[in-house]
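Heads up, structure_21.cif below (mmCIF, C-alpha atoms):
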```cif
data_work
#
loop_
_atom_site.label_atom_id
_atom_site.label_comp_id
_atom_site.auth_asym_id
_atom_site.auth_seq_id
_atom_site.Cartn_x
_atom_site.Cartn_y
_atom_site.Cartn_z
CA MET B 717 93.62 94.10 62.15
CA ALA B 718 96.54 96.39 61.43
CA LYS B 719 98.16 93.70 59.29
CA ASN B 720 94.99 93.25 57.25
CA MET B 721 94.81 96.96 56.67
CA LYS B 722 98.37 96.94 55.38
CA LYS B 723 97.53 94.28 52.81
CA ASP B 724 94.50 96.16 51.55
CA THR B 725 96.08 99.60 51.45
CA LYS B 726 97.70 100.70 48.21
CA PRO B 727 100.15 103.54 47.71
CA ALA B 728 98.62 106.83 46.73
CA PRO B 729 98.57 107.65 43.01
CA GLN B 730 101.86 109.06 41.83
CA ASN B 731 100.71 111.08 38.87
CA ALA B 732 98.99 113.85 40.81
CA PRO B 733 101.06 117.03 41.06
CA ALA B 734 102.10 117.47 44.66
CA CYS B 735 101.97 121.23 44.60
CA ALA B 736 98.92 121.75 42.45
CA CYS B 737 96.00 123.59 43.95
CA PRO B 738 92.64 121.81 43.83
CA GLY B 739 89.95 123.15 41.57
CA PRO B 740 89.90 124.16 37.93
CA ALA B 741 90.33 127.88 38.24
CA PRO B 742 93.75 129.44 38.85
CA ASP B 743 92.11 132.02 41.09
CA ASP B 744 91.32 129.24 43.57
CA CYS B 745 95.00 129.21 44.48
CA ALA B 746 94.94 132.84 45.60
CA PRO B 747 93.89 132.23 49.24
CA GLY B 748 96.52 129.51 49.61
CA LYS B 749 99.18 131.80 48.17
CA ALA B 750 98.14 134.60 50.52
CA VAL B 751 98.40 132.30 53.55
CA ALA B 752 101.79 131.00 52.40
CA PHE B 753 103.05 134.55 51.91
CA LEU B 754 101.76 135.55 55.34
CA LYS B 755 103.53 132.60 56.97
CA TYR B 756 106.70 133.52 55.10
CA ALA B 757 106.48 137.13 56.29
CA VAL B 758 105.84 136.04 59.88
CA LYS B 759 108.88 133.74 59.78
CA ILE B 760 111.07 136.56 58.52
CA LEU B 761 109.75 138.84 61.26
CA VAL B 762 110.31 136.22 63.99
CA THR B 763 113.81 135.49 62.68
CA ALA B 764 114.79 139.15 62.56
CA SER B 765 113.27 139.78 65.98
CA ILE B 766 115.21 136.97 67.68
CA VAL B 767 118.50 138.06 66.13
CA ALA B 768 117.82 141.71 67.04
CA ILE B 769 117.03 140.75 70.64
CA LEU B 770 120.23 138.69 70.87
CA VAL B 771 122.33 141.58 69.56
CA TYR B 772 120.57 144.10 71.80
CA SER B 773 121.05 141.89 74.85
CA SER B 774 124.76 141.46 74.12
CA LYS B 775 125.21 145.19 73.59
CA LYS B 776 123.29 145.91 76.79
CA HIS B 777 125.79 143.86 78.76
CA GLY B 778 128.66 145.43 76.85
CA SER B 779 129.95 142.07 75.60
CA PHE B 780 129.22 142.78 71.94
CA ASP B 781 130.84 146.20 71.90
CA GLY B 782 134.13 146.50 70.17
CA VAL B 783 133.82 143.29 68.13
CA ASP B 784 136.14 143.77 65.18
CA LEU B 785 135.27 141.41 62.33
CA SER B 786 138.11 142.83 60.25
CA GLY B 787 140.57 141.07 62.54
CA LEU B 788 139.25 137.62 61.69
CA ASN B 789 141.62 134.94 60.47
CA TRP B 790 140.28 134.37 56.97
CA ALA B 791 142.20 131.13 56.55
CA TRP B 792 140.13 129.60 59.36
CA LEU B 793 136.95 131.01 57.80
CA ALA B 794 137.88 129.48 54.45
CA ALA B 795 138.44 126.15 56.21
CA ALA B 796 135.01 126.51 57.84
CA PHE B 797 133.33 127.06 54.47
CA LEU B 798 135.13 124.07 52.92
CA LEU B 799 134.02 121.91 55.83
CA TYR B 800 130.46 123.07 55.28
CA LEU B 801 130.74 121.92 51.66
CA VAL B 802 132.04 118.56 52.94
CA HIS B 803 128.94 118.38 55.13
CA LEU B 804 126.79 118.98 52.01
CA PHE B 805 128.68 116.28 50.11
CA VAL B 806 128.15 113.72 52.89
CA ASN B 807 124.44 114.60 52.90
CA ALA B 808 124.37 113.84 49.17
CA TRP B 809 126.36 110.61 49.58
CA ARG B 810 124.00 109.44 52.32
CA TRP B 811 120.97 110.06 50.12
CA ARG B 812 122.53 108.36 47.09
CA LEU B 813 123.16 105.28 49.24
CA LEU B 814 119.38 105.00 49.69
CA LEU B 815 118.75 105.70 46.01
CA ALA B 816 121.18 102.93 45.06
CA TYR B 817 119.41 100.48 47.37
CA ARG B 818 116.14 101.20 45.54
CA GLU B 819 118.02 100.83 42.21
CA ILE B 820 117.12 104.38 41.22
CA PRO B 821 119.57 105.82 38.68
CA CYS B 822 121.23 108.93 40.11
CA SER B 823 124.92 109.75 39.98
CA LEU B 824 126.74 111.14 42.99
CA LEU B 825 127.15 114.45 41.15
CA SER B 826 123.40 114.63 40.51
CA ALA B 827 122.68 113.77 44.14
CA PHE B 828 125.08 116.52 45.23
CA SER B 829 123.44 118.98 42.86
CA LEU B 830 119.93 118.19 44.10
CA THR B 831 121.03 118.24 47.74
CA THR B 832 122.68 121.64 47.47
CA GLN B 833 119.65 122.98 45.61
CA SER B 834 117.38 121.76 48.42
CA PHE B 835 119.55 123.63 50.92
CA PHE B 836 119.32 126.71 48.72
CA PHE B 837 115.53 126.59 48.54
CA SER B 838 115.28 125.92 52.27
CA LEU B 839 116.70 129.44 52.68
CA VAL B 840 114.28 131.19 50.33
CA MET B 841 111.08 129.15 50.64
CA PRO B 842 108.44 129.47 53.38
CA GLY B 843 108.62 125.76 54.16
CA GLY B 844 112.24 125.89 55.28
CA ALA B 845 113.93 122.47 55.23
CA ILE B 846 110.65 120.80 54.26
CA GLY B 847 110.25 123.22 51.37
CA GLY B 848 113.75 122.36 50.20
CA ASP B 849 112.91 118.66 50.31
CA VAL B 850 109.77 119.30 48.25
CA ILE B 851 111.90 120.97 45.59
CA ARG B 852 114.39 118.10 45.71
CA ALA B 853 111.54 115.64 45.22
CA GLY B 854 110.22 117.63 42.27
CA PHE B 855 113.62 117.79 40.58
CA LEU B 856 114.24 114.10 41.23
CA ALA B 857 110.92 113.24 39.57
CA TYR B 858 112.33 114.59 36.29
CA ARG B 859 115.33 112.28 36.47
CA VAL B 860 113.81 108.90 37.24
CA PRO B 861 111.42 106.62 35.32
CA LYS B 862 107.73 107.05 36.06
CA GLY B 863 107.39 103.73 37.84
CA GLN B 864 110.10 104.70 40.34
CA LYS B 865 108.89 108.18 41.26
CA PHE B 866 107.23 107.11 44.53
CA ASP B 867 110.28 105.09 45.62
CA GLY B 868 112.54 107.99 44.67
CA VAL B 869 110.57 110.54 46.66
CA PHE B 870 110.39 108.20 49.64
CA THR B 871 114.20 107.97 49.74
CA ILE B 872 114.14 111.69 50.66
CA LEU B 873 111.96 110.91 53.66
CA MET B 874 114.27 108.05 54.67
CA ASP B 875 117.26 110.34 54.23
CA ARG B 876 115.64 112.90 56.53
CA PHE B 877 114.70 110.13 58.97
CA THR B 878 118.23 108.73 59.27
CA GLY B 879 119.60 112.26 59.46
CA MET B 880 117.41 113.05 62.46
CA ILE B 881 118.51 109.84 64.18
CA GLY B 882 122.11 110.92 63.57
CA ILE B 883 121.69 114.39 65.05
CA PHE B 884 119.84 113.05 68.10
CA LEU B 885 122.62 110.54 68.75
CA THR B 886 125.30 113.18 68.21
CA VAL B 887 123.90 115.50 70.85
CA PHE B 888 123.91 112.71 73.44
CA LEU B 889 127.47 111.79 72.48
CA ALA B 890 128.64 115.40 72.80
CA MET B 891 126.71 116.60 75.86
CA PRO B 892 128.65 114.57 78.50
CA PHE B 893 131.73 116.60 77.56
CA ALA B 894 129.83 119.89 77.87
CA TRP B 895 127.24 119.10 80.54
CA ARG B 896 128.87 121.25 83.21
CA TYR B 897 128.58 124.33 81.00
CA LEU B 898 124.78 124.18 81.16
CA ASP B 899 124.92 125.41 84.76
CA GLY B 900 126.42 128.65 83.50
CA THR B 901 123.72 129.35 80.93
CA ASP B 902 120.70 131.57 81.38
CA PRO B 903 117.97 129.67 83.33
CA ARG B 904 115.55 129.90 80.41
CA ALA B 905 118.17 128.64 77.98
CA ARG B 906 119.00 125.78 80.35
CA ILE B 907 115.35 124.72 80.67
CA LEU B 908 114.83 124.94 76.91
CA THR B 909 118.03 122.95 76.31
CA PHE B 910 116.76 120.20 78.59
CA ALA B 911 113.49 120.30 76.64
CA LEU B 912 115.40 119.80 73.38
CA LEU B 913 117.32 116.91 74.90
CA GLY B 914 114.02 115.36 76.01
CA ALA B 915 112.61 115.81 72.52
CA SER B 916 115.73 114.15 71.10
CA ALA B 917 115.30 111.17 73.42
CA ALA B 918 111.63 110.95 72.39
CA GLY B 919 112.70 111.06 68.74
CA LEU B 920 115.11 108.17 69.22
CA LEU B 921 112.40 106.20 71.02
CA ALA B 922 109.95 106.88 68.21
CA ALA B 923 112.53 105.75 65.64
CA ALA B 924 113.06 102.51 67.56
CA VAL B 925 109.29 101.91 67.66
CA ILE B 926 109.00 102.52 63.92
CA PHE B 927 111.84 100.14 63.09
CA LEU B 928 110.51 97.47 65.46
CA HIS B 929 106.81 97.91 64.74
CA GLY B 930 106.61 94.45 63.14
CA GLN B 931 107.59 92.80 66.41
CA LEU B 932 105.50 95.21 68.50
CA GLU B 933 102.36 94.30 66.54
CA LYS B 934 102.19 91.18 68.70
CA LEU B 935 100.94 93.48 71.46
CA ALA B 936 97.21 94.20 71.38
CA PHE B 937 97.68 97.76 72.62
CA PHE B 938 100.16 98.53 69.82
CA ARG B 939 97.80 97.09 67.19
CA TRP B 940 95.03 99.27 68.59
CA GLY B 941 97.30 102.33 68.29
CA GLU B 942 98.14 101.46 64.68
CA ASP B 943 94.46 101.11 63.82
CA LEU B 944 93.67 104.42 65.50
CA GLY B 945 96.51 106.14 63.65
CA ALA B 946 95.32 104.69 60.34
CA ARG B 947 91.81 106.02 60.92
CA LEU B 948 92.97 109.46 62.02
CA THR B 949 95.35 109.82 59.06
CA ARG B 950 92.99 108.13 56.56
CA GLY B 951 95.43 105.33 55.95
CA PHE B 952 98.53 107.50 55.52
CA SER B 953 100.30 106.06 58.59
CA THR B 954 99.73 102.54 57.26
CA ARG B 955 101.13 103.44 53.84
CA LEU B 956 104.09 105.05 55.58
CA LEU B 957 104.83 101.93 57.61
CA ASN B 958 104.46 99.78 54.50
CA ALA B 959 106.98 101.96 52.70
CA LEU B 960 109.36 101.76 55.66
CA ASP B 961 109.01 97.99 55.64
CA SER B 962 110.46 97.99 52.14
CA TYR B 963 113.78 98.91 53.80
CA ASN B 964 113.81 95.83 56.05
CA GLY B 965 116.67 94.42 54.01
CA ALA B 966 118.63 97.68 54.07
CA THR B 967 120.11 97.35 57.56
CA LYS B 968 123.63 97.94 56.29
CA GLU B 969 122.61 101.02 54.30
CA ILE B 970 120.67 102.51 57.21
CA VAL B 971 123.57 101.95 59.62
CA TRP B 972 125.92 103.65 57.16
CA CYS B 973 123.46 106.54 56.78
CA VAL B 974 123.27 107.04 60.55
CA LEU B 975 127.07 106.85 60.92
CA ALA B 976 127.44 109.34 58.06
CA SER B 977 124.99 111.64 59.84
CA ILE B 978 126.95 111.45 63.09
CA LEU B 979 130.48 111.75 61.70
CA GLY B 980 130.21 113.27 58.24
CA VAL B 981 127.36 115.71 58.88
CA ASN B 982 127.06 116.73 62.53
CA PHE B 983 130.67 116.18 63.64
CA VAL B 984 131.89 118.01 60.53
CA LEU B 985 129.50 120.87 61.36
CA GLY B 986 131.10 120.92 64.81
CA LEU B 987 134.53 121.19 63.17
CA CYS B 988 133.16 123.93 60.96
CA PHE B 989 132.00 125.97 63.96
CA TYR B 990 135.30 125.23 65.72
CA CYS B 991 137.15 126.80 62.78
CA VAL B 992 134.85 129.84 62.97
CA CYS B 993 135.69 130.21 66.67
CA LEU B 994 139.42 129.91 65.98
CA ALA B 995 139.05 132.62 63.35
CA PHE B 996 138.24 134.97 66.24
CA SER B 997 140.89 133.81 68.69
CA ALA B 998 143.23 130.87 69.20
CA SER B 999 142.38 131.05 72.91
CA LEU B 1000 139.14 129.17 72.13
CA ALA B 1001 141.11 126.05 71.10
CA PRO B 1002 140.46 124.11 74.36
CA LEU B 1003 136.68 124.41 73.92
CA PHE B 1004 136.19 121.83 71.19
CA ALA B 1005 133.62 119.71 73.10
CA PRO B 1006 131.29 122.55 74.13
CA ILE B 1007 131.55 124.04 70.65
CA VAL B 1008 130.39 120.76 69.06
CA ALA B 1009 127.65 120.40 71.69
CA ALA B 1010 126.51 123.99 71.16
CA ILE B 1011 126.11 123.73 67.39
CA THR B 1012 124.41 120.33 67.67
CA VAL B 1013 121.84 121.59 70.19
CA GLY B 1014 121.39 124.67 68.03
CA ASN B 1015 120.76 122.57 64.93
CA ILE B 1016 118.11 120.56 66.77
CA ALA B 1017 116.43 123.83 67.71
CA GLY B 1018 116.73 124.86 64.08
CA LEU B 1019 114.50 121.93 63.12
CA ILE B 1020 111.57 123.76 64.75
CA PRO B 1021 109.79 125.48 61.82
CA LEU B 1022 109.38 128.88 63.46
CA THR B 1023 112.17 130.81 61.76
CA MET B 1024 113.89 130.92 58.38
CA SER B 1025 116.11 127.83 58.18
CA GLY B 1026 116.48 127.83 61.97
CA ILE B 1027 118.22 131.22 62.02
CA GLY B 1028 117.60 132.91 65.34
CA LEU B 1029 116.53 129.82 67.26
CA ARG B 1030 119.83 128.11 66.44
CA ASP B 1031 121.76 131.24 67.36
CA TYR B 1032 120.03 131.52 70.74
CA PHE B 1033 121.07 128.06 71.92
CA VAL B 1034 124.54 128.17 70.38
CA ALA B 1035 125.33 131.54 71.96
CA ALA B 1036 123.96 130.41 75.35
CA ILE B 1037 126.11 127.26 75.58
CA LEU B 1038 129.19 128.84 74.01
CA GLY B 1039 128.85 131.87 76.28
CA ALA B 1040 128.87 129.64 79.37
CA ALA B 1041 132.04 127.94 78.11
CA LEU B 1042 133.75 131.25 77.28
CA ALA B 1043 133.01 132.54 80.77
CA GLU B 1044 135.52 130.04 82.13
CA LEU B 1045 138.33 131.39 79.95
CA PRO B 1046 140.42 134.08 81.66
CA ASP B 1047 140.16 137.45 79.88
CA CYS B 1048 138.37 135.93 76.87
CA PRO B 1049 138.40 138.54 74.08
CA VAL B 1050 135.42 137.03 72.21
CA ASP B 1051 131.69 137.50 72.74
CA ALA B 1052 129.73 134.28 72.18
CA LEU B 1053 127.26 135.90 69.80
CA ALA B 1054 129.94 137.03 67.35
CA PRO B 1055 131.16 133.57 66.19
CA THR B 1056 127.56 132.34 66.39
CA LEU B 1057 126.38 134.93 63.86
CA VAL B 1058 129.41 134.32 61.65
CA MET B 1059 128.57 130.59 61.68
CA THR B 1060 125.08 131.53 60.54
CA GLY B 1061 126.72 133.49 57.74
CA VAL B 1062 128.68 130.39 56.72
CA ILE B 1063 125.45 128.37 56.69
CA ILE B 1064 123.74 131.00 54.53
CA ALA B 1065 126.73 131.11 52.17
CA GLY B 1066 126.66 127.31 51.90
CA GLY B 1067 122.95 127.43 51.12
CA LEU B 1068 123.45 130.09 48.47
CA PHE B 1069 126.13 127.86 46.95
CA GLY B 1070 123.28 125.60 45.84
CA GLY B 1071 121.91 128.45 43.77
CA PHE B 1072 124.74 127.93 41.27
CA PHE B 1073 123.54 124.37 40.65
CA PHE B 1074 120.00 125.64 40.20
CA LEU B 1075 121.19 128.11 37.57
CA PHE B 1076 123.49 125.80 35.64
CA ASP B 1077 122.13 122.28 36.22
CA ASN B 1078 119.36 121.92 33.62
CA ALA B 1079 118.94 118.15 33.96
CA TYR B 1080 115.53 118.65 35.59
CA ARG B 1081 114.28 120.04 32.27
CA LYS B 1082 114.94 116.69 30.60
CA LYS B 1083 112.32 114.20 31.65
CA VAL B 1084 113.34 110.55 31.74
CA PRO B 1085 111.15 108.43 29.42
CA ALA B 1086 108.68 106.18 31.22
CA SER B 1087 110.16 103.16 29.49
CA THR B 1088 113.66 103.72 30.86
CA PRO B 1089 114.66 100.59 32.83
CA PRO B 1090 115.91 100.99 36.39
CA ALA B 1091 119.58 100.70 37.16
CA THR B 1092 120.79 97.34 38.41
CA GLY B 1093 123.99 98.32 40.14
CA ASN B 1094 125.18 100.74 42.76
#
```
As structure tokens:
Amino acid sequence: MAKNMKKDTKPAPQNAPACACPGPAPDDCAPGKAVAFLKYAVKILVTASIVAILVYSSKKHGSFDGVDLSGLNWAWLAAAFLLYLVHLFVNAWRWRLLLAYREIPCSLLSAFSLTTQSFFFSLVMPGGAIGGDVIRAGFLAYRVPKGQKFDGVFTILMDRFTGMIGIFLTVFLAMPFAWRYLDGTDPRARILTFALLGASAAGLLAAAVIFLHGQLEKLAFFRWGEDLGARLTRGFSTRLLNALDSYNGATKEIVWCVLASILGVNFVLGLCFYCVCLAFSASLAPLFAPIVAAITVGNIAGLIPLTMSGIGLRDYFVAAILGAALAELPDCPVDALAPTLVMTGVIIAGGLFGGFFFLFDNAYRKKVPASTPPATGN
């Protein structure tokens, strides 16, 4: 039954504005805008509250007192920022690989521009990372022929999908080298870290089910679940699986995307945070593994859409794991929260970097004619 539904289901119309409010009158959008603004304000409040609690807690224990940011090694901070830009570039390269597979014309420079702009808007929009992806999809729609808009927007979802697989795999690759430090964390942080690891394992399992759903449809129970999902989502889950099936021949591209996520995105972010830590003290040099594990767990927590771009939630987990590692260093001169907050500053600076592309890249103002043929090469 699920297979028959797939044959009968057609993709949703592509010419409807994704962000338009229903109804003819502009005033109808007012309630939606008020709710969006309220959510945005709540996120800012939650973000500020978590950071304030972290700072207060560190000061209460005396570990944050006397932190002198003027003594930072700025060469290491510059290296950290450059590595963050490398992480942005690999994100863009990964996405362009998917665009090339769908034969959608987009240069690497354009992909980098749109990627950095999405990171910029994820900082300033209520939707966070999702809001940034919506903006990326809107800008991409101006650059591709009309008949390729749906495929182009779906590459963003696939890019996000492979990116999540990459971060889930990275945390399991890094945690064996930092597992013993979890015993030194706060009990609540330890329980929540285990919860994030469980969610990561569930995410990997879900990804495997999605990729193998064609084979799993031989099972009656799985077909029943697909039918139920199609009814509950009004056919959206079926359309989503159909779109994913269009990447059945892209095994090589997907493998490269996942590898790029592990090495070029998450491992590079680990190097970035490592440089931030070295900017405080060279005595942190032996802690490479827990530093990579800390930022990876923190980034998974940052995927939870409760704060602005994960700020606050990410800092809580990073500081907890890093603090447990620093406790084993004799006479460590660094409080865990200090490099954690500086890393957040690097992330914000990298996001703001995308604002320059938004100001100076006007390609989105030039719509591609509907008759423009798709590209044939990579």
Closest-contact table, segment 851-935 of chain B side, partner segment 986-997 of chain B, 12 Å, counting only C-alpha atoms, as JSON lines:
```
{"residue": "B:Ile883", "atom": "CA", "partner": "B:Gly986", "partner_atom": "CA", "distance": 11.5}
{"residue": "B:Thr886", "atom": "CA", "partner": "B:Gly986", "partner_atom": "CA", "distance": 10.3}
{"residue": "B:Val887", "atom": "CA", "partner": "B:Gly986", "partner_atom": "CA", "distance": 10.8}
{"residue": "B:Ala890", "atom": "CA", "partner": "B:Gly986", "partner_atom": "CA", "distance": 10.0}
```
Please produce an output containing C-alpha atoms for each residue in the selection, written as a PDB file, keeping the file's coordinate frame.
```
ATOM      1  CA  ILE B 883     121.690 114.390  65.050  1.00  0.00           C
ATOM      2  CA  THR B 886     125.300 113.180  68.210  1.00  0.00           C
ATOM      3  CA  VAL B 887     123.900 115.500  70.850  1.00  0.00           C
ATOM      4  CA  ALA B 890     128.640 115.400  72.800  1.00  0.00           C
TER       5      ALA B 890
END
```
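The neighbours of Ile1064 of chain B here are the residues that come within 12 Å of it, using all atoms listed in the file and leaving out any residue fewer than 6 positions away in the same chain; they are Phe797, Tyr800, Leu801, Thr832, Phe835, Phe836, Phe837, Ser838, Leu839, Val840, Met1024, Ser1025, Gly1026, Ile1027, Leu1057, Val1058, Gly1070 and Gly1071 of chain B.
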Please produce a file of the residues just selected, as a PDB file, keeping the file's coordinate frame, where the atoms kept are C-alpha atoms.
```pdb
ATOM      1  CA  PHE B 797     133.330 127.060  54.470  1.00  0.00           C
ATOM      2  CA  TYR B 800     130.460 123.070  55.280  1.00  0.00           C
ATOM      3  CA  LEU B 801     130.740 121.920  51.660  1.00  0.00           C
ATOM      4  CA  THR B 832     122.680 121.640  47.470  1.00  0.00           C
ATOM      5  CA  PHE B 835     119.550 123.630  50.920  1.00  0.00           C
ATOM      6  CA  PHE B 836     119.320 126.710  48.720  1.00  0.00           C
ATOM      7  CA  PHE B 837     115.530 126.590  48.540  1.00  0.00           C
ATOM      8  CA  SER B 838     115.280 125.920  52.270  1.00  0.00           C
ATOM      9  CA  LEU B 839     116.700 129.440  52.680  1.00  0.00           C
ATOM     10  CA  VAL B 840     114.280 131.190  50.330  1.00  0.00           C
ATOM     11  CA  MET B1024     113.890 130.920  58.380  1.00  0.00           C
ATOM     12  CA  SER B1025     116.110 127.830  58.180  1.00  0.00           C
ATOM     13  CA  GLY B1026     116.480 127.830  61.970  1.00  0.00           C
ATOM     14  CA  ILE B1027     118.220 131.220  62.020  1.00  0.00           C
ATOM     15  CA  LEU B1057     126.380 134.930  63.860  1.00  0.00           C
ATOM     16  CA  VAL B1058     129.410 134.320  61.650  1.00  0.00           C
ATOM     17  CA  GLY B1070     123.280 125.600  45.840  1.00  0.00           C
ATOM     18  CA  GLY B1071     121.910 128.450  43.770  1.00  0.00           C
TER      19      GLY B1071
END
```
Per residue of segment 823-913 of chain B within 10 Å of segment 1037-1052 of chain B, note the shortest atom pair and the distance in Å to one decimal, counting all atoms listed in the file, and order the rows by chain and increasing residue number, as JSON lines.
```
{"residue": "B:Ala894", "atom": "CA", "partner": "B:Ala1041", "partner_atom": "CA", "distance": 8.4}
{"residue": "B:Trp895", "atom": "CA", "partner": "B:Ile1037", "partner_atom": "CA", "distance": 9.6}
{"residue": "B:Arg896", "atom": "CA", "partner": "B:Ala1041", "partner_atom": "CA", "distance": 9.0}
{"residue": "B:Tyr897", "atom": "CA", "partner": "B:Ala1040", "partner_atom": "CA", "distance": 5.6}
{"residue": "B:Leu898", "atom": "CA", "partner": "B:Ile1037", "partner_atom": "CA", "distance": 6.5}
{"residue": "B:Asp899", "atom": "CA", "partner": "B:Ala1040", "partner_atom": "CA", "distance": 7.9}
{"residue": "B:Gly900", "atom": "CA", "partner": "B:Ala1040", "partner_atom": "CA", "distance": 4.9}
{"residue": "B:Thr901", "atom": "CA", "partner": "B:Ala1040", "partner_atom": "CA", "distance": 5.4}
{"residue": "B:Asp902", "atom": "CA", "partner": "B:Ala1040", "partner_atom": "CA", "distance": 8.6}
{"residue": "B:Ala905", "atom": "CA", "partner": "B:Ile1037", "partner_atom": "CA", "distance": 8.4}
{"residue": "B:Arg906", "atom": "CA", "partner": "B:Ile1037", "partner_atom": "CA", "distance": 8.7}
{"residue": "B:Thr909", "atom": "CA", "partner": "B:Ile1037", "partner_atom": "CA", "distance": 9.2}
```
Residues in the PyMOL selection byres ((chain B and resi 759-770) around 7), expressed as a list in words: Lys755, Tyr756, Ala757, Val758, Val771, Tyr772, Ser773, Ser774, Leu1022, Thr1023, Met1024, Ile1027 and Gly1028 of chain B
Long-range neighbours of Val806 of chain B as a PyMOL selection string, 10 Å cut-off, only C-alpha atoms, 4 positions minimum in chain: chain B and resi 800-802+810-812+828+831+973+976-977+979-981+984
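You can rank B:Ala1001, B:Cys822, B:Val925, B:Leu793 by their closest distance to Leu856 of chain B using all atoms listed in the file, and at the top of that list sits B:Cys822.
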Atom-to-atom span, atom CA of Gly868 of chain B and atom CA of Phe1074 of chain B, Å: 19.7 Å
Counting only C-alpha atoms, the residue of B:Ile1063, B:Leu928, B:Leu975, B:Val869 that sits nearest Gly1018 of chain B: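 That would be B:Ile1063, the residue with the smallest distance to Gly1018 of chain B.
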Which of B:Thr967, B:Thr1060, B:Asn982, B:Asn958 sits closest to Phe870 of chain B [using only C-alpha atoms]: B:Asn958
Ala808 of chain B environment, 9 Å, only C-alpha atoms, sequence neighbours closer than 5 positions dropped, as JSON, numbers by chain: {"B": [803, 813, 824, 825, 826, 827, 828, 829, 830, 831, 832]}
Top pick for closest residue to Ala924 of chain B, considering B:Leu944, B:Ile881, B:Leu889, B:Ala795 and counting only C-alpha atoms: B:Ile881
B:Gln833, B:Tyr1032, B:Leu799, B:Leu815 ranked by distance to Phe1076 of chain B, top pick (using only C-alpha atoms):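 Answer, going by the shortest atom-to-atom distance: B:Gln833.
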Separation of atom CA of Gly1014 of chain B from atom CA of Met891 of chain B in Å: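 Separation of atom CA of Met891 of chain B and atom CA of Gly1014 of chain B: 12.4 Å.
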Point-to-point distance in Å for atom CA of Ser999 of chain B and atom CA of Ile907 of chain B: 28.8 Å
Residue contacts of Val974 of chain B (7 Å, all atoms listed in the file) excluding same-chain residues fewer than 4 positions away, as a list in words: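 Once the nearby chain positions are removed, what remains is Thr878, Gly879, Ile881, Gly882, Ile970 and Ile978 of chain B.
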Residue nearest Ser916 of chain B - candidates B:Val1008, B:Val1013, B:Ala857, B:Ala998, atoms counted: only C-alpha atoms: B:Val1013
